[in-house]
>>> print(open('work-v4.txt').read())   # compact mmCIF, N, CA and C atoms
# COMPACT_ATOMS: atom_id res chain seq x y z
N GLN A 1 11.54 4.07 -16.16
CA GLN A 1 11.72 3.88 -14.73
C GLN A 1 10.54 4.52 -13.99
N VAL A 2 10.06 3.82 -12.98
CA VAL A 2 8.95 4.30 -12.17
C VAL A 2 9.46 4.69 -10.79
N GLN A 3 9.03 5.85 -10.33
CA GLN A 3 9.38 6.29 -8.97
C GLN A 3 8.12 6.30 -8.12
N LEU A 4 8.26 5.83 -6.90
CA LEU A 4 7.14 5.79 -5.96
C LEU A 4 7.52 6.59 -4.72
N VAL A 5 6.65 7.51 -4.34
CA VAL A 5 6.90 8.33 -3.16
C VAL A 5 5.76 8.12 -2.17
N GLU A 6 6.11 7.57 -1.02
CA GLU A 6 5.11 7.27 0.00
C GLU A 6 5.07 8.36 1.05
N SER A 7 3.92 8.50 1.68
CA SER A 7 3.78 9.44 2.79
C SER A 7 2.63 9.00 3.66
N GLY A 8 2.56 9.58 4.86
CA GLY A 8 1.42 9.34 5.73
C GLY A 8 1.68 8.46 6.93
N GLY A 9 2.85 7.88 7.02
CA GLY A 9 3.14 7.05 8.18
C GLY A 9 3.32 7.90 9.43
N GLY A 10 3.42 7.23 10.58
CA GLY A 10 3.61 7.95 11.82
C GLY A 10 3.28 7.10 13.02
N LEU A 11 3.14 7.78 14.14
CA LEU A 11 2.82 7.13 15.42
C LEU A 11 1.37 7.42 15.78
N VAL A 12 0.66 6.37 16.15
CA VAL A 12 -0.76 6.51 16.49
C VAL A 12 -1.08 5.55 17.63
N GLN A 13 -2.05 5.90 18.43
CA GLN A 13 -2.49 5.01 19.50
C GLN A 13 -3.40 3.92 18.94
N ALA A 14 -3.43 2.82 19.64
CA ALA A 14 -4.32 1.72 19.24
C ALA A 14 -5.75 2.22 19.13
N GLY A 15 -6.42 1.78 18.07
CA GLY A 15 -7.77 2.24 17.80
C GLY A 15 -7.82 3.45 16.88
N GLY A 16 -6.69 4.05 16.65
CA GLY A 16 -6.62 5.23 15.81
C GLY A 16 -6.56 4.91 14.33
N SER A 17 -6.37 5.96 13.53
CA SER A 17 -6.38 5.82 12.07
C SER A 17 -5.19 6.55 11.46
N LEU A 18 -4.77 6.06 10.32
CA LEU A 18 -3.77 6.71 9.49
C LEU A 18 -4.14 6.49 8.03
N ARG A 19 -3.68 7.40 7.19
CA ARG A 19 -3.89 7.25 5.75
C ARG A 19 -2.55 7.36 5.05
N LEU A 20 -2.19 6.30 4.37
CA LEU A 20 -0.95 6.28 3.59
C LEU A 20 -1.25 6.66 2.15
N SER A 21 -0.29 7.34 1.54
CA SER A 21 -0.39 7.69 0.13
C SER A 21 0.86 7.23 -0.60
N CYS A 22 0.70 6.89 -1.86
CA CYS A 22 1.83 6.51 -2.69
C CYS A 22 1.60 7.12 -4.07
N ALA A 23 2.45 8.07 -4.42
CA ALA A 23 2.36 8.74 -5.71
C ALA A 23 3.39 8.16 -6.66
N ALA A 24 2.94 7.78 -7.83
CA ALA A 24 3.83 7.17 -8.83
C ALA A 24 4.10 8.13 -9.97
N SER A 25 5.30 8.07 -10.47
CA SER A 25 5.67 8.89 -11.63
C SER A 25 6.66 8.13 -12.48
N GLY A 26 6.79 8.58 -13.71
CA GLY A 26 7.70 7.91 -14.63
C GLY A 26 7.10 7.91 -16.01
N ILE A 27 7.92 8.11 -16.96
CA ILE A 27 7.45 8.25 -18.33
C ILE A 27 6.68 7.03 -18.78
N THR A 28 7.09 5.86 -18.31
CA THR A 28 6.48 4.62 -18.80
C THR A 28 5.46 4.05 -17.82
N PHE A 29 4.99 4.92 -16.90
CA PHE A 29 4.10 4.38 -15.87
C PHE A 29 2.76 3.98 -16.46
N ARG A 30 2.53 2.69 -16.52
CA ARG A 30 1.26 2.13 -16.96
C ARG A 30 0.96 0.96 -16.06
N PRO A 31 0.26 1.20 -14.97
CA PRO A 31 0.10 0.16 -13.98
C PRO A 31 -0.95 -0.87 -14.31
N TYR A 32 -0.67 -2.10 -13.92
CA TYR A 32 -1.67 -3.15 -13.90
C TYR A 32 -2.37 -3.15 -12.55
N SER A 33 -1.56 -3.02 -11.51
CA SER A 33 -2.11 -2.94 -10.16
C SER A 33 -1.16 -2.16 -9.27
N MET A 34 -1.70 -1.65 -8.19
CA MET A 34 -0.90 -1.02 -7.14
C MET A 34 -1.37 -1.57 -5.80
N GLY A 35 -0.47 -1.65 -4.87
CA GLY A 35 -0.85 -2.22 -3.60
C GLY A 35 0.11 -1.88 -2.49
N TRP A 36 -0.12 -2.53 -1.37
CA TRP A 36 0.68 -2.28 -0.17
C TRP A 36 1.12 -3.61 0.46
N PHE A 37 2.33 -3.61 0.92
CA PHE A 37 2.89 -4.69 1.72
C PHE A 37 3.42 -4.06 3.01
N ARG A 38 3.72 -4.90 3.97
CA ARG A 38 4.36 -4.40 5.20
C ARG A 38 5.36 -5.41 5.73
N GLN A 39 6.30 -4.90 6.49
CA GLN A 39 7.31 -5.76 7.09
C GLN A 39 7.59 -5.30 8.51
N ALA A 40 7.30 -6.19 9.44
CA ALA A 40 7.58 -5.92 10.85
C ALA A 40 8.98 -6.42 11.18
N PRO A 41 9.59 -5.91 12.24
CA PRO A 41 10.94 -6.35 12.61
C PRO A 41 10.99 -7.86 12.84
N GLY A 42 11.96 -8.50 12.20
CA GLY A 42 12.14 -9.93 12.36
C GLY A 42 11.17 -10.79 11.59
N LYS A 43 10.32 -10.16 10.79
CA LYS A 43 9.34 -10.92 10.02
C LYS A 43 9.52 -10.68 8.54
N GLU A 44 8.92 -11.57 7.75
CA GLU A 44 8.98 -11.42 6.30
C GLU A 44 7.97 -10.36 5.84
N ARG A 45 8.25 -9.79 4.68
CA ARG A 45 7.32 -8.84 4.10
C ARG A 45 6.03 -9.57 3.75
N GLU A 46 4.89 -8.96 4.08
CA GLU A 46 3.61 -9.61 3.84
C GLU A 46 2.67 -8.71 3.04
N PHE A 47 1.84 -9.36 2.26
CA PHE A 47 0.84 -8.67 1.45
C PHE A 47 -0.24 -8.08 2.34
N ILE A 48 -0.68 -6.85 1.99
CA ILE A 48 -1.75 -6.20 2.73
C ILE A 48 -2.97 -5.99 1.84
N ALA A 49 -2.79 -5.32 0.72
CA ALA A 49 -3.93 -5.00 -0.13
C ALA A 49 -3.44 -4.64 -1.52
N THR A 50 -4.32 -4.84 -2.51
CA THR A 50 -4.00 -4.47 -3.87
C THR A 50 -5.26 -4.01 -4.58
N ILE A 51 -5.08 -3.16 -5.60
CA ILE A 51 -6.20 -2.68 -6.39
C ILE A 51 -5.83 -2.73 -7.86
N ASN A 52 -6.71 -3.28 -8.66
CA ASN A 52 -6.49 -3.34 -10.11
C ASN A 52 -6.75 -1.96 -10.70
N TRP A 53 -5.79 -1.50 -11.49
CA TRP A 53 -5.86 -0.10 -11.92
C TRP A 53 -7.02 0.18 -12.88
N SER A 54 -7.35 -0.75 -13.74
CA SER A 54 -8.42 -0.50 -14.71
C SER A 54 -9.78 -0.95 -14.19
N ARG A 55 -9.82 -2.06 -13.46
CA ARG A 55 -11.10 -2.60 -13.00
C ARG A 55 -11.50 -2.09 -11.63
N SER A 56 -10.51 -1.58 -10.88
CA SER A 56 -10.73 -1.10 -9.50
C SER A 56 -11.12 -2.21 -8.54
N THR A 57 -10.91 -3.45 -8.94
CA THR A 57 -11.17 -4.55 -8.00
C THR A 57 -10.08 -4.56 -6.93
N THR A 58 -10.47 -5.00 -5.74
CA THR A 58 -9.54 -4.96 -4.61
C THR A 58 -9.40 -6.33 -3.98
N ASN A 59 -8.31 -6.49 -3.27
CA ASN A 59 -8.05 -7.73 -2.55
C ASN A 59 -7.30 -7.36 -1.27
N TYR A 60 -7.65 -8.04 -0.17
CA TYR A 60 -7.06 -7.71 1.13
C TYR A 60 -6.56 -8.97 1.84
N ALA A 61 -5.56 -8.78 2.65
CA ALA A 61 -5.16 -9.84 3.56
C ALA A 61 -6.23 -9.99 4.63
N ASP A 62 -6.42 -11.21 5.11
CA ASP A 62 -7.44 -11.45 6.14
C ASP A 62 -7.21 -10.61 7.38
N SER A 63 -5.96 -10.35 7.68
CA SER A 63 -5.62 -9.64 8.91
C SER A 63 -6.08 -8.19 8.92
N VAL A 64 -6.40 -7.63 7.74
CA VAL A 64 -6.79 -6.22 7.68
C VAL A 64 -8.19 -6.01 7.12
N LYS A 65 -8.85 -7.07 6.70
CA LYS A 65 -10.19 -6.94 6.14
C LYS A 65 -11.13 -6.27 7.14
N GLY A 66 -11.90 -5.32 6.64
CA GLY A 66 -12.84 -4.61 7.50
C GLY A 66 -12.23 -3.44 8.23
N ARG A 67 -10.91 -3.33 8.23
CA ARG A 67 -10.24 -2.22 8.92
C ARG A 67 -9.50 -1.31 7.93
N PHE A 68 -8.92 -1.87 6.90
CA PHE A 68 -8.15 -1.10 5.93
C PHE A 68 -8.93 -1.02 4.63
N THR A 69 -8.77 0.09 3.94
CA THR A 69 -9.39 0.30 2.65
C THR A 69 -8.37 0.87 1.67
N ILE A 70 -8.23 0.21 0.53
CA ILE A 70 -7.33 0.70 -0.52
C ILE A 70 -8.16 1.42 -1.57
N SER A 71 -7.64 2.53 -2.05
CA SER A 71 -8.32 3.30 -3.09
C SER A 71 -7.28 3.96 -3.98
N LYS A 72 -7.74 4.58 -5.05
CA LYS A 72 -6.80 5.19 -6.00
C LYS A 72 -7.38 6.41 -6.63
N ASP A 73 -6.48 7.22 -7.16
CA ASP A 73 -6.84 8.39 -7.95
C ASP A 73 -6.05 8.27 -9.25
N ASN A 74 -6.74 7.86 -10.30
CA ASN A 74 -6.05 7.62 -11.56
C ASN A 74 -5.38 8.88 -12.11
N ALA A 75 -6.05 10.00 -11.93
CA ALA A 75 -5.51 11.25 -12.49
C ALA A 75 -4.20 11.64 -11.82
N LYS A 76 -4.06 11.26 -10.54
CA LYS A 76 -2.85 11.61 -9.80
C LYS A 76 -1.86 10.45 -9.73
N ASN A 77 -2.20 9.33 -10.35
CA ASN A 77 -1.34 8.14 -10.26
C ASN A 77 -0.99 7.83 -8.80
N THR A 78 -1.98 7.89 -7.95
CA THR A 78 -1.77 7.74 -6.52
C THR A 78 -2.69 6.66 -5.95
N VAL A 79 -2.13 5.87 -5.06
CA VAL A 79 -2.90 4.87 -4.34
C VAL A 79 -2.87 5.23 -2.86
N TYR A 80 -3.97 4.94 -2.19
CA TYR A 80 -4.10 5.27 -0.78
C TYR A 80 -4.40 4.02 0.02
N LEU A 81 -4.05 4.05 1.29
CA LEU A 81 -4.43 2.99 2.21
C LEU A 81 -4.97 3.66 3.48
N GLN A 82 -6.28 3.60 3.63
CA GLN A 82 -6.90 4.11 4.84
C GLN A 82 -6.90 3.00 5.87
N MET A 83 -6.28 3.28 7.01
CA MET A 83 -6.13 2.27 8.05
C MET A 83 -6.88 2.73 9.30
N ASN A 84 -7.91 1.99 9.64
CA ASN A 84 -8.71 2.30 10.82
C ASN A 84 -8.58 1.20 11.86
N SER A 85 -8.99 1.50 13.08
CA SER A 85 -8.94 0.52 14.17
C SER A 85 -7.57 -0.13 14.26
N LEU A 86 -6.55 0.69 14.23
CA LEU A 86 -5.19 0.15 14.21
C LEU A 86 -4.86 -0.57 15.51
N LYS A 87 -4.05 -1.60 15.37
CA LYS A 87 -3.63 -2.44 16.49
C LYS A 87 -2.11 -2.40 16.60
N PRO A 88 -1.58 -2.68 17.77
CA PRO A 88 -0.11 -2.71 17.90
C PRO A 88 0.55 -3.66 16.91
N GLU A 89 -0.12 -4.74 16.59
CA GLU A 89 0.44 -5.69 15.63
C GLU A 89 0.46 -5.18 14.20
N ASP A 90 -0.14 -4.04 13.95
CA ASP A 90 -0.03 -3.40 12.64
C ASP A 90 1.27 -2.61 12.49
N THR A 91 2.02 -2.50 13.55
CA THR A 91 3.29 -1.78 13.51
C THR A 91 4.24 -2.45 12.52
N ALA A 92 4.73 -1.67 11.57
CA ALA A 92 5.61 -2.21 10.52
C ALA A 92 6.04 -1.07 9.60
N VAL A 93 6.95 -1.38 8.72
CA VAL A 93 7.25 -0.49 7.60
C VAL A 93 6.32 -0.89 6.46
N TYR A 94 5.61 0.07 5.94
CA TYR A 94 4.65 -0.18 4.87
C TYR A 94 5.26 0.24 3.53
N TYR A 95 5.16 -0.66 2.56
CA TYR A 95 5.75 -0.44 1.25
C TYR A 95 4.68 -0.40 0.17
N CYS A 96 4.79 0.57 -0.68
CA CYS A 96 3.96 0.64 -1.88
C CYS A 96 4.55 -0.28 -2.95
N HIS A 97 3.68 -0.92 -3.70
CA HIS A 97 4.12 -1.89 -4.71
C HIS A 97 3.32 -1.67 -5.99
N VAL A 98 4.01 -1.66 -7.11
CA VAL A 98 3.37 -1.48 -8.40
C VAL A 98 3.75 -2.62 -9.32
N VAL A 99 2.75 -3.12 -10.03
CA VAL A 99 2.99 -4.06 -11.13
C VAL A 99 2.53 -3.36 -12.39
N THR A 100 3.41 -3.24 -13.37
CA THR A 100 3.04 -2.55 -14.60
C THR A 100 2.39 -3.52 -15.57
N LEU A 101 1.83 -2.95 -16.65
CA LEU A 101 1.24 -3.80 -17.70
C LEU A 101 2.27 -4.74 -18.29
N GLY A 102 3.52 -4.32 -18.28
CA GLY A 102 4.58 -5.19 -18.77
C GLY A 102 5.08 -6.15 -17.73
N ARG A 103 4.40 -6.18 -16.57
CA ARG A 103 4.69 -7.10 -15.45
C ARG A 103 6.01 -6.78 -14.78
N SER A 104 6.50 -5.55 -14.92
CA SER A 104 7.62 -5.12 -14.10
C SER A 104 7.09 -4.74 -12.73
N GLU A 105 7.94 -4.87 -11.72
CA GLU A 105 7.54 -4.55 -10.35
C GLU A 105 8.43 -3.46 -9.78
N TYR A 106 7.81 -2.57 -9.01
CA TYR A 106 8.55 -1.49 -8.36
C TYR A 106 8.09 -1.38 -6.92
N TRP A 107 9.02 -0.94 -6.06
CA TRP A 107 8.73 -0.77 -4.64
C TRP A 107 9.05 0.65 -4.21
N GLY A 108 8.24 1.13 -3.28
CA GLY A 108 8.54 2.41 -2.64
C GLY A 108 9.62 2.24 -1.59
N GLN A 109 10.01 3.36 -0.99
CA GLN A 109 11.09 3.32 -0.03
C GLN A 109 10.62 2.87 1.36
N GLY A 110 9.32 2.85 1.56
CA GLY A 110 8.76 2.42 2.84
C GLY A 110 8.46 3.59 3.75
N THR A 111 7.40 3.44 4.52
CA THR A 111 7.04 4.45 5.52
C THR A 111 6.67 3.73 6.82
N GLN A 112 7.19 4.23 7.92
CA GLN A 112 7.02 3.56 9.21
C GLN A 112 5.65 3.88 9.79
N VAL A 113 4.97 2.84 10.24
CA VAL A 113 3.72 2.98 10.99
C VAL A 113 3.94 2.32 12.35
N THR A 114 3.73 3.09 13.41
CA THR A 114 3.89 2.57 14.75
C THR A 114 2.60 2.78 15.52
N VAL A 115 2.07 1.70 16.07
CA VAL A 115 0.83 1.75 16.83
C VAL A 115 1.15 1.42 18.28
N SER A 116 0.89 2.36 19.15
CA SER A 116 1.17 2.15 20.58
C SER A 116 -0.06 1.62 21.29
N SER A 117 0.20 0.82 22.30
CA SER A 117 -0.91 0.21 23.04
C SER A 117 -1.34 1.08 24.21
>>> encode(input="work-v4.txt", output="structure tokens")
Amino acid sequence: QVQLVESGGGLVQAGGSLRLSCAASGITFRPYSMGWFRQAPGKEREFIATINWSRSTTNYADSVKGRFTISKDNAKNTVYLQMNSLKPEDTAVYYCHVVTLGRSEYWGQGTQVTVSS
């Protein structure tokens, strides 16, 4: 079983920055990729960014390219999402997502990000 603990959400003014963290643990934790999704009220959960654990290749949603950066610390089993130039439309609950080598998927509990105009 894999456990994901997210942190770093909060309230920020438009144009500001936040950094989300997601620490993974579990005896069988062997990730293929880790990433972030978000869900705004009344909307479906949407993909934000992902990073391949061994290759470190990244992929971003068009809506956040150039503003968000995903990174990782293999030694800490942690993935980060640096969010700059935040906009009110970035307001959502952000979820950490892991795909293991065995193609199992796990989700974090979510962390609220609120951007005020």
>>> closest_residue(input="work-v4.txt", among="A:Ala75, A:Val115, A:Leu86, A:Leu101", to="Gly15 in chain A", atoms="only N, CA and C atoms")
A:Leu86
>>> atom_distance(input="work-v4.txt", atom1="CA of Glu89 in chain A", atom2="atom N of Ser117 in chain A")
9.3 Å
>>> residues_around(input="work-v4.txt", residues="Val5 in chain A", least_positions_apart="4", cutoff="7 Å", atoms="all atoms listed in the file", output="ChimeraX atom specification")
/A:21-25,108-109
>>> atom_distance(input="work-v4.txt", atom1="atom C of Ile70 in chain A", atom2="atom C of Ser56 in chain A")
8.4 Å
>>> residues_around(input="work-v4.txt", residues="Tyr95 in chain A", least_positions_apart="2", cutoff="7 Å", atoms="all atoms listed in the file", output="list in words")
Gly35, Trp36, Phe37, Arg38, Gln39, Val93, His97, Trp107, Gly108, Gln109, Gly110 and Thr111 of chain A
>>> atom_distance(input="work-v4.txt", atom1="atom N of Pro31 in chain A", atom2="atom N of Glu6 in chain A")
16.4 Å
>>> closest_residue(input="work-v4.txt", among="A:Tyr106, A:Phe47, A:Tyr32, A:Tyr94", to="Asp62 in chain A", atoms="only C-alpha atoms")
A:Phe47
>>> closest_residue(input="work-v4.txt", among="A:Ser17, A:Lys87, A:Arg30, A:Arg67", to="Val2 in chain A", atoms="all atoms listed in the file")
A:Arg30
>>> residues_around(input="work-v4.txt", residues="range 8-13 of chain A", least_positions_apart="3", cutoff="6 Å", atoms="only C-alpha atoms", output="PyMOL selection string")
chain A and resi 16+19-20+111-116
>>> build_atoms(input="work-v4.txt", residues="range 91-102 of chain A", atoms="all heavy atoms", output="PDB file, in the coordinates of the input")
ATOM      1  N   THR A  91       2.020  -2.500  13.550  1.00  0.00           N
ATOM      2  CA  THR A  91       3.290  -1.780  13.510  1.00  0.00           C
ATOM      3  C   THR A  91       4.240  -2.450  12.520  1.00  0.00           C
ATOM      4  O   THR A  91       4.516  -3.643  12.617  1.00  0.00           O
ATOM      5  CB  THR A  91       3.935  -1.731  14.902  1.00  0.00           C
ATOM      6  OG1 THR A  91       3.104  -0.967  15.770  1.00  0.00           O
ATOM      7  CG2 THR A  91       5.320  -1.104  14.838  1.00  0.00           C
ATOM      8  N   ALA A  92       4.730  -1.670  11.570  1.00  0.00           N
ATOM      9  CA  ALA A  92       5.610  -2.210  10.520  1.00  0.00           C
ATOM     10  C   ALA A  92       6.040  -1.070   9.600  1.00  0.00           C
ATOM     11  O   ALA A  92       5.518   0.056   9.708  1.00  0.00           O
ATOM     12  CB  ALA A  92       4.876  -3.266   9.700  1.00  0.00           C
ATOM     13  N   VAL A  93       6.950  -1.380   8.720  1.00  0.00           N
ATOM     14  CA  VAL A  93       7.250  -0.490   7.600  1.00  0.00           C
ATOM     15  C   VAL A  93       6.320  -0.890   6.460  1.00  0.00           C
ATOM     16  O   VAL A  93       6.273  -2.070   6.084  1.00  0.00           O
ATOM     17  CB  VAL A  93       8.714  -0.583   7.173  1.00  0.00           C
ATOM     18  CG1 VAL A  93       8.967   0.314   5.967  1.00  0.00           C
ATOM     19  CG2 VAL A  93       9.628  -0.201   8.328  1.00  0.00           C
ATOM     20  N   TYR A  94       5.610   0.070   5.940  1.00  0.00           N
ATOM     21  CA  TYR A  94       4.650  -0.180   4.870  1.00  0.00           C
ATOM     22  C   TYR A  94       5.260   0.240   3.530  1.00  0.00           C
ATOM     23  O   TYR A  94       5.770   1.356   3.395  1.00  0.00           O
ATOM     24  CB  TYR A  94       3.359   0.571   5.131  1.00  0.00           C
ATOM     25  CG  TYR A  94       2.522  -0.089   6.198  1.00  0.00           C
ATOM     26  CD1 TYR A  94       2.929  -0.101   7.530  1.00  0.00           C
ATOM     27  CD2 TYR A  94       1.324  -0.736   5.874  1.00  0.00           C
ATOM     28  CE1 TYR A  94       2.182  -0.734   8.511  1.00  0.00           C
ATOM     29  CE2 TYR A  94       0.562  -1.363   6.850  1.00  0.00           C
ATOM     30  CZ  TYR A  94       0.992  -1.356   8.160  1.00  0.00           C
ATOM     31  OH  TYR A  94       0.247  -1.988   9.132  1.00  0.00           O
ATOM     32  N   TYR A  95       5.160  -0.660   2.560  1.00  0.00           N
ATOM     33  CA  TYR A  95       5.750  -0.440   1.250  1.00  0.00           C
ATOM     34  C   TYR A  95       4.680  -0.400   0.170  1.00  0.00           C
ATOM     35  O   TYR A  95       3.801  -1.280   0.114  1.00  0.00           O
ATOM     36  CB  TYR A  95       6.737  -1.554   0.913  1.00  0.00           C
ATOM     37  CG  TYR A  95       7.938  -1.619   1.809  1.00  0.00           C
ATOM     38  CD1 TYR A  95       7.938  -2.417   2.952  1.00  0.00           C
ATOM     39  CD2 TYR A  95       9.093  -0.888   1.521  1.00  0.00           C
ATOM     40  CE1 TYR A  95       9.044  -2.479   3.778  1.00  0.00           C
ATOM     41  CE2 TYR A  95      10.204  -0.952   2.333  1.00  0.00           C
ATOM     42  CZ  TYR A  95      10.171  -1.745   3.465  1.00  0.00           C
ATOM     43  OH  TYR A  95      11.279  -1.810   4.276  1.00  0.00           O
ATOM     44  N   CYS A  96       4.790   0.570  -0.680  1.00  0.00           N
ATOM     45  CA  CYS A  96       3.960   0.640  -1.880  1.00  0.00           C
ATOM     46  C   CYS A  96       4.550  -0.280  -2.950  1.00  0.00           C
ATOM     47  O   CYS A  96       5.778  -0.400  -3.071  1.00  0.00           O
ATOM     48  CB  CYS A  96       3.941   2.083  -2.376  1.00  0.00           C
ATOM     49  SG  CYS A  96       2.949   2.381  -3.836  1.00  0.00           S
ATOM     50  N   HIS A  97       3.680  -0.920  -3.700  1.00  0.00           N
ATOM     51  CA  HIS A  97       4.120  -1.890  -4.710  1.00  0.00           C
ATOM     52  C   HIS A  97       3.320  -1.670  -5.990  1.00  0.00           C
ATOM     53  O   HIS A  97       2.089  -1.520  -5.947  1.00  0.00           O
ATOM     54  CB  HIS A  97       3.898  -3.304  -4.184  1.00  0.00           C
ATOM     55  CG  HIS A  97       4.255  -4.395  -5.127  1.00  0.00           C
ATOM     56  ND1 HIS A  97       3.290  -5.198  -5.730  1.00  0.00           N
ATOM     57  CD2 HIS A  97       5.447  -4.836  -5.592  1.00  0.00           C
ATOM     58  CE1 HIS A  97       3.889  -6.072  -6.513  1.00  0.00           C
ATOM     59  NE2 HIS A  97       5.199  -5.873  -6.439  1.00  0.00           N
ATOM     60  N   VAL A  98       4.010  -1.660  -7.110  1.00  0.00           N
ATOM     61  CA  VAL A  98       3.370  -1.480  -8.400  1.00  0.00           C
ATOM     62  C   VAL A  98       3.750  -2.620  -9.320  1.00  0.00           C
ATOM     63  O   VAL A  98       4.917  -3.013  -9.379  1.00  0.00           O
ATOM     64  CB  VAL A  98       3.792  -0.142  -9.052  1.00  0.00           C
ATOM     65  CG1 VAL A  98       3.292  -0.067 -10.491  1.00  0.00           C
ATOM     66  CG2 VAL A  98       3.264   1.031  -8.255  1.00  0.00           C
ATOM     67  N   VAL A  99       2.750  -3.120 -10.030  1.00  0.00           N
ATOM     68  CA  VAL A  99       2.990  -4.060 -11.130  1.00  0.00           C
ATOM     69  C   VAL A  99       2.530  -3.360 -12.390  1.00  0.00           C
ATOM     70  O   VAL A  99       1.380  -2.912 -12.479  1.00  0.00           O
ATOM     71  CB  VAL A  99       2.237  -5.375 -10.941  1.00  0.00           C
ATOM     72  CG1 VAL A  99       2.495  -6.301 -12.127  1.00  0.00           C
ATOM     73  CG2 VAL A  99       2.645  -6.040  -9.634  1.00  0.00           C
ATOM     74  N   THR A 100       3.410  -3.240 -13.370  1.00  0.00           N
ATOM     75  CA  THR A 100       3.040  -2.550 -14.600  1.00  0.00           C
ATOM     76  C   THR A 100       2.390  -3.520 -15.570  1.00  0.00           C
ATOM     77  O   THR A 100       2.393  -4.736 -15.380  1.00  0.00           O
ATOM     78  CB  THR A 100       4.264  -1.915 -15.266  1.00  0.00           C
ATOM     79  OG1 THR A 100       5.118  -2.960 -15.745  1.00  0.00           O
ATOM     80  CG2 THR A 100       5.022  -1.025 -14.285  1.00  0.00           C
ATOM     81  N   LEU A 101       1.830  -2.950 -16.650  1.00  0.00           N
ATOM     82  CA  LEU A 101       1.240  -3.800 -17.700  1.00  0.00           C
ATOM     83  C   LEU A 101       2.270  -4.740 -18.290  1.00  0.00           C
ATOM     84  O   LEU A 101       1.931  -5.830 -18.737  1.00  0.00           O
ATOM     85  CB  LEU A 101       0.614  -2.920 -18.781  1.00  0.00           C
ATOM     86  CG  LEU A 101      -0.632  -2.141 -18.373  1.00  0.00           C
ATOM     87  CD1 LEU A 101      -1.084  -1.251 -19.521  1.00  0.00           C
ATOM     88  CD2 LEU A 101      -1.749  -3.087 -17.963  1.00  0.00           C
ATOM     89  N   GLY A 102       3.520  -4.320 -18.280  1.00  0.00           N
ATOM     90  CA  GLY A 102       4.580  -5.190 -18.770  1.00  0.00           C
ATOM     91  C   GLY A 102       5.080  -6.150 -17.730  1.00  0.00           C
ATOM     92  O   GLY A 102       6.068  -6.852 -17.953  1.00  0.00           O
TER      93      GLY A 102
END
